[in-house]
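Student: Next comes the structure file query_15.csv, holding CSV, C-alpha atoms.
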chain,number,residue,atom,x,y,z
D,3,MET,CA,7.8,-3.6,-26.0
D,4,THR,CA,11.2,-3.0,-27.5
D,5,LEU,CA,11.5,-2.1,-31.2
D,6,ARG,CA,14.6,-2.3,-33.3
D,7,ARG,CA,14.8,-0.4,-36.5
D,8,VAL,CA,15.6,-2.6,-39.5
D,9,GLY,CA,14.8,-0.2,-42.4
D,10,GLU,CA,13.2,3.0,-43.5
D,11,ASN,CA,10.1,3.2,-41.3
D,12,GLU,CA,10.4,-0.6,-40.5
D,13,TYR,CA,10.9,-2.1,-37.1
D,14,VAL,CA,11.1,-5.6,-35.5
D,15,GLU,CA,9.6,-6.2,-32.1
D,16,GLU,CA,12.3,-7.6,-29.8
D,17,HIS,CA,11.6,-10.6,-27.5
D,18,GLY,CA,14.2,-11.9,-25.0
D,19,GLY,CA,17.8,-11.0,-25.1
D,20,ASP,CA,21.2,-12.0,-26.2
D,21,TYR,CA,23.9,-12.9,-23.6
D,22,GLU,CA,25.4,-9.4,-24.1
D,23,ASP,CA,22.2,-7.7,-23.1
D,24,PHE,CA,22.3,-8.9,-19.5
D,25,GLU,CA,24.5,-7.3,-16.8
D,26,PRO,CA,24.6,-8.3,-13.2
D,27,GLY,CA,22.6,-5.9,-11.0
D,28,MET,CA,20.1,-5.1,-13.8
D,29,ALA,CA,16.5,-5.0,-12.5
D,30,ILE,CA,13.6,-5.7,-14.9
D,31,LYS,CA,10.0,-5.1,-14.0
D,32,HIS,CA,7.9,-7.4,-16.1
D,33,TRP,CA,4.5,-6.4,-17.4
D,34,PRO,CA,1.6,-7.2,-17.6
D,35,GLY,CA,0.6,-8.8,-14.3
D,36,ARG,CA,-2.0,-11.5,-14.0
D,37,THR,CA,-5.1,-11.8,-11.9
D,38,ILE,CA,-5.8,-15.4,-10.9
D,39,SER,CA,-9.3,-16.7,-11.5
D,40,GLU,CA,-11.1,-19.6,-9.9
D,41,ALA,CA,-11.0,-21.5,-13.2
D,42,ASP,CA,-7.2,-21.0,-13.4
D,43,ASN,CA,-6.7,-22.5,-10.0
D,44,THR,CA,-9.2,-25.4,-10.3
D,45,TRP,CA,-8.2,-26.5,-13.8
D,46,LEU,CA,-4.5,-26.2,-13.4
D,47,THR,CA,-4.5,-27.8,-10.0
D,48,LEU,CA,-6.3,-30.8,-11.4
D,49,LEU,CA,-4.2,-30.8,-14.5
D,50,LEU,CA,-1.1,-31.0,-12.3
D,51,MET,CA,-2.6,-34.0,-10.5
D,52,ASN,CA,-2.6,-32.2,-7.2
D,53,GLN,CA,-5.6,-33.5,-5.4
D,54,HIS,CA,-5.3,-31.7,-2.1
D,55,PRO,CA,-8.8,-30.3,-1.4
D,56,LEU,CA,-7.3,-27.0,-0.1
D,57,HIS,CA,-7.0,-25.9,-3.7
D,58,PHE,CA,-10.5,-26.6,-5.0
D,59,ASP,CA,-12.9,-27.5,-2.2
D,60,GLU,CA,-14.4,-24.4,-0.6
D,61,ASN,CA,-16.1,-26.3,2.2
D,62,TYR,CA,-12.8,-28.1,3.1
D,63,ALA,CA,-10.8,-24.8,2.8
D,64,ALA,CA,-13.3,-23.0,5.1
D,65,GLY,CA,-12.1,-25.2,8.0
D,66,THR,CA,-8.4,-24.4,7.5
D,67,GLU,CA,-6.2,-21.6,8.7
D,68,HIS,CA,-6.9,-19.3,5.8
D,69,LYS,CA,-10.7,-20.1,5.6
D,70,ARG,CA,-10.6,-20.1,1.8
D,71,VAL,CA,-9.2,-21.9,-1.2
D,72,LEU,CA,-5.5,-21.4,-1.8
D,73,VAL,CA,-3.9,-21.1,-5.2
D,74,ASN,CA,-1.7,-24.1,-5.9
D,75,SER,CA,2.0,-23.0,-5.5
D,76,SER,CA,3.0,-24.7,-8.7
D,77,ILE,CA,0.6,-22.3,-10.5
D,78,THR,CA,2.3,-19.4,-8.7
D,79,LEU,CA,5.7,-20.5,-9.9
D,80,ALA,CA,4.5,-21.1,-13.4
D,81,LEU,CA,2.7,-17.8,-13.8
D,82,VAL,CA,5.5,-15.7,-12.2
D,83,GLY,CA,8.1,-17.5,-14.2
D,84,GLY,CA,6.1,-17.2,-17.4
D,85,MET,CA,5.9,-13.4,-16.9
D,86,THR,CA,9.7,-13.2,-17.2
D,87,VAL,CA,10.0,-15.0,-20.6
D,88,GLN,CA,9.2,-12.0,-22.8
D,89,ALA,CA,12.1,-9.9,-21.5
D,90,LEU,CA,14.6,-12.6,-20.5
D,91,SER,CA,14.5,-15.9,-22.3
D,92,ALA,CA,12.2,-15.7,-25.3
D,93,ARG,CA,15.0,-16.6,-27.6
D,94,ALA,CA,17.2,-18.6,-25.2
D,95,VAL,CA,18.8,-21.9,-26.2
D,96,ALA,CA,17.4,-23.6,-23.1
D,97,ASN,CA,16.1,-23.2,-19.6
D,98,LEU,CA,18.6,-24.8,-17.2
D,99,GLY,CA,16.6,-24.9,-14.0
D,100,TRP,CA,15.2,-23.2,-10.9
D,101,ASP,CA,16.9,-23.0,-7.6
D,102,ARG,CA,16.0,-21.6,-4.1
D,103,VAL,CA,12.3,-21.5,-4.7
D,104,ARG,CA,10.7,-19.8,-1.6
D,105,LEU,CA,7.0,-19.2,-1.0
D,106,ALA,CA,6.6,-16.2,1.2
D,107,GLU,CA,2.8,-15.6,1.4
D,108,PRO,CA,-0.3,-17.5,0.3
D,109,VAL,CA,-2.0,-16.6,-3.0
D,110,PHE,CA,-5.8,-16.6,-3.4
D,111,VAL,CA,-8.2,-16.5,-6.3
D,112,GLY,CA,-8.6,-12.8,-7.2
D,113,ASP,CA,-5.0,-11.8,-6.4
D,114,THR,CA,-3.1,-10.0,-9.1
D,115,LEU,CA,0.6,-11.0,-9.4
D,116,TYR,CA,3.5,-9.1,-10.8
D,117,ALA,CA,7.2,-10.1,-11.3
D,118,THR,CA,10.5,-8.3,-11.1
D,119,SER,CA,13.8,-10.0,-12.0
D,120,ARG,CA,17.4,-9.0,-11.1
D,121,ILE,CA,20.4,-10.4,-13.0
D,122,LEU,CA,22.6,-12.1,-10.5
D,123,HIS,CA,25.5,-13.2,-12.7
D,124,LYS,CA,26.4,-14.5,-16.1
D,125,ARG,CA,29.3,-16.5,-17.5
D,126,TRP,CA,30.3,-17.9,-20.9
D,127,SER,CA,29.5,-21.6,-21.3
D,128,LYS,CA,32.6,-23.8,-21.0
D,129,SER,CA,31.2,-26.5,-23.3
D,130,ARG,CA,29.1,-24.5,-25.8
D,131,PRO,CA,30.9,-21.8,-27.7
D,132,GLY,CA,28.9,-18.7,-28.5
D,133,GLN,CA,26.5,-19.3,-25.6
D,134,GLY,CA,26.4,-18.1,-22.0
D,135,ILE,CA,24.6,-18.8,-18.8
D,136,VAL,CA,22.5,-16.1,-17.2
D,137,THR,CA,21.2,-16.4,-13.7
D,138,VAL,CA,18.4,-14.3,-12.4
D,139,GLU,CA,16.4,-13.9,-9.2
D,140,THR,CA,12.7,-13.3,-9.7
D,141,THR,CA,10.3,-12.0,-7.1
D,142,GLY,CA,6.6,-12.3,-7.5
D,143,THR,CA,4.4,-9.8,-5.6
D,144,LYS,CA,0.7,-9.2,-5.2
D,145,SER,CA,-0.7,-5.9,-6.3
D,146,THR,CA,-0.8,-5.0,-2.6
D,147,GLY,CA,3.0,-5.2,-2.5
D,148,GLU,CA,3.3,-8.5,-0.5
D,149,THR,CA,6.0,-10.8,-1.8
D,150,VAL,CA,4.6,-14.3,-2.6
D,151,ILE,CA,7.5,-16.1,-4.3
D,152,VAL,CA,11.2,-15.7,-4.8
D,153,PHE,CA,13.3,-18.0,-7.0
D,154,GLU,CA,16.5,-18.2,-9.0
D,155,ARG,CA,16.5,-19.4,-12.6
D,156,SER,CA,19.3,-20.0,-15.0
D,157,PHE,CA,19.1,-20.1,-18.8
D,158,LEU,CA,21.4,-20.5,-21.7
D,159,ALA,CA,21.6,-17.6,-24.1
D,160,TRP,CA,23.1,-17.1,-27.5
D,161,SER,CA,25.7,-14.4,-28.1
D,162,ARG,CA,24.7,-11.9,-30.8
D,163,GLU,CA,27.4,-13.2,-33.0
D,164,ALA,CA,26.6,-16.9,-32.7
D,165,ARG,CA,22.8,-16.7,-32.7
D,166,PRO,CA,21.6,-18.6,-35.8
D,167,SER,CA,19.6,-16.7,-38.4
D,168,GLY,CA,15.9,-17.2,-38.0
D,169,THR,CA,16.0,-17.3,-34.2
D,170,HIS,CA,14.6,-13.8,-33.9
D,171,SER,CA,17.1,-11.6,-35.6
For this file, produce the structure as structure tokens.
Tutor:
Amino acid sequence: MTLRRVGENEYVEEHGGDYEDFEPGMAIKHWPGRTISEADNTWLTLLLMNQHPLHFDENYAAGTEHKRVLVNSSITLALVGGMTVQALSARAVANLGWDRVRLAEPVFVGDTLYATSRILHKRWSKSRPGQGIVTVETTGTKSTGETVIVFERSFLAWSREARPSGTHS
């Protein structure tokens, strides 16, 4: 948690950052992690309309290479990406997209995931004055240290000066 003093014994909890807060090479360890439950995997897999039995049928999964149900990779991307919002893009203008999504190891129910992001680069927007594009590489790891996912994400951030009042001052 980051607190910014706004008055005598008064603070505001900071979420996300302004364009100026990010510098290429910065590494950010996100916290807390998330342990994936069976309900998470089953409900979200079905919500996402992924009907592959490998994600929710234990009998089917027992006959596969891993011998157990795998967590849907869309859930892994969503959870690890979501872990980064508090520190990176909680007050961004827009998420611009994900690139180079790579799945390195399988994720199973009961695994606890953590995320670390590294700022790759940033540049001022050519079409939106007072806003800049920040690109990060995020790595999701299990509590055992195994990397499970790596991806790049770009988002549009306000500059301090241009950020409208009421967007988390």
Student: Neighbouring residues of D:Thr47 were defined as those with any atom within 12 Å, considering all atoms listed in the file; residues of the same chain fewer than 2 positions away were excluded. Please report them as a PyMOL selection string.
Tutor: chain D and resi 40-45+49-59+71-78+80
Student: Can you write just those residues out, C-alpha atoms, as a PDB file, in the frame of the given file?
Tutor:
ATOM      1  CA  GLU D  40     -11.100 -19.600  -9.900  1.00  0.00           C
ATOM      2  CA  ALA D  41     -11.000 -21.500 -13.200  1.00  0.00           C
ATOM      3  CA  ASP D  42      -7.200 -21.000 -13.400  1.00  0.00           C
ATOM      4  CA  ASN D  43      -6.700 -22.500 -10.000  1.00  0.00           C
ATOM      5  CA  THR D  44      -9.200 -25.400 -10.300  1.00  0.00           C
ATOM      6  CA  TRP D  45      -8.200 -26.500 -13.800  1.00  0.00           C
ATOM      7  CA  LEU D  49      -4.200 -30.800 -14.500  1.00  0.00           C
ATOM      8  CA  LEU D  50      -1.100 -31.000 -12.300  1.00  0.00           C
ATOM      9  CA  MET D  51      -2.600 -34.000 -10.500  1.00  0.00           C
ATOM     10  CA  ASN D  52      -2.600 -32.200  -7.200  1.00  0.00           C
ATOM     11  CA  GLN D  53      -5.600 -33.500  -5.400  1.00  0.00           C
ATOM     12  CA  HIS D  54      -5.300 -31.700  -2.100  1.00  0.00           C
ATOM     13  CA  PRO D  55      -8.800 -30.300  -1.400  1.00  0.00           C
ATOM     14  CA  LEU D  56      -7.300 -27.000  -0.100  1.00  0.00           C
ATOM     15  CA  HIS D  57      -7.000 -25.900  -3.700  1.00  0.00           C
ATOM     16  CA  PHE D  58     -10.500 -26.600  -5.000  1.00  0.00           C
ATOM     17  CA  ASP D  59     -12.900 -27.500  -2.200  1.00  0.00           C
ATOM     18  CA  VAL D  71      -9.200 -21.900  -1.200  1.00  0.00           C
ATOM     19  CA  LEU D  72      -5.500 -21.400  -1.800  1.00  0.00           C
ATOM     20  CA  VAL D  73      -3.900 -21.100  -5.200  1.00  0.00           C
ATOM     21  CA  ASN D  74      -1.700 -24.100  -5.900  1.00  0.00           C
ATOM     22  CA  SER D  75       2.000 -23.000  -5.500  1.00  0.00           C
ATOM     23  CA  SER D  76       3.000 -24.700  -8.700  1.00  0.00           C
ATOM     24  CA  ILE D  77       0.600 -22.300 -10.500  1.00  0.00           C
ATOM     25  CA  THR D  78       2.300 -19.400  -8.700  1.00  0.00           C
ATOM     26  CA  ALA D  80       4.500 -21.100 -13.400  1.00  0.00           C
TER      27      ALA D  80
END
Student: Neighbours of D:Leu122 within 6 Å (only C-alpha atoms; same-chain residues fewer than 2 positions away dropped), as an MDAnalysis selection string?
Tutor: chainID D and resid 26 137:138
Student: Mind giving me the straight-line distance from atom CA of D:Glu139 to atom CA of D:Thr37 in Å, one decimal?
Tutor: 21.8 Å
Student: Considering only C-alpha atoms, return as a count of residues only whatever protein or nucleic-acid residues lie within 10 Å of stretch 130-136 of chain D, sequence-local ones (same chain, fewer than 3 positions apart) excluded.
Tutor: 31
Student: To one decimal in Å, tell me the separation between atom CA of D:Trp100 and atom CA of D:Glu15.
Tutor: 27.7 Å
Student: Can you tell me how far atom CA of D:Lys31 sits from atom CA of D:Val82, in Å to one decimal?
Tutor: 11.7 Å
Student: Please identify all polymer residues within 7 Å of D:Arg70, counting all atoms listed in the file, omitting same-chain residues fewer than 4 positions from it, and present them as a ChimeraX atom specification.
Tutor: /D:60,63-64
Student: Go through D:Val152, D:Leu5, D:Leu79, D:Leu105 one by one, measure the shortest atom-to-atom distance of each to D:Thr118 using all atoms listed in the file, and give the residue with the smallest value.
Tutor: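 Nearest candidate to D:Thr118 out of D:Val152, D:Leu5, D:Leu79, D:Leu105: D:Val152.
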Student: D:Met85: which residues within 12 Å, counting only C-alpha atoms, same-chain residues fewer than 6 positions away excluded, as an MDAnalysis selection string?
Tutor: chainID D and resid 18 30:36 78:79 91:92 115:119 140:143
Student: Scan for residues within 12 Å of the point (-0.1, -2.5, -3.6) in the coordinates of the file, using only C-alpha atoms, and reply as a list in words.
Tutor: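 Collected hits near the coordinates: Asp113, Thr114, Leu115, Tyr116, Thr143, Lys144, Ser145, Thr146, Gly147, Glu148 and Thr149 of chain D.
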Student: When you count all atoms listed in the file, which of these residues is closest to D:His68: D:Leu48, D:Leu81, D:Val103, D:Val109?
Tutor: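 Comparing D:Leu48, D:Leu81, D:Val103, D:Val109 against D:His68, the winner is D:Val109.
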Student: For D:Glu107, which residue out of D:His17, D:Glu10, D:Asp23, D:Val150 is the nearest one, using only C-alpha atoms?
Tutor: D:Val150
Student: Give the answer as one residue: which of D:Arg120, D:Gly112, D:Ala89, D:Phe153 has the shortest atom-to-atom distance to D:Ser39, using all atoms listed in the file?
Tutor: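 Residue with the minimum atom-to-atom distance to D:Ser39: D:Gly112.
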Student: Go through D:Glu154, D:Ala106, D:Lys128, D:Gln88 one by one, measure the shortest atom-to-atom distance of each to D:Gly19 using only C-alpha atoms, and give the residue with the smallest value.
Tutor: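 The closest residue to D:Gly19 is D:Gln88.
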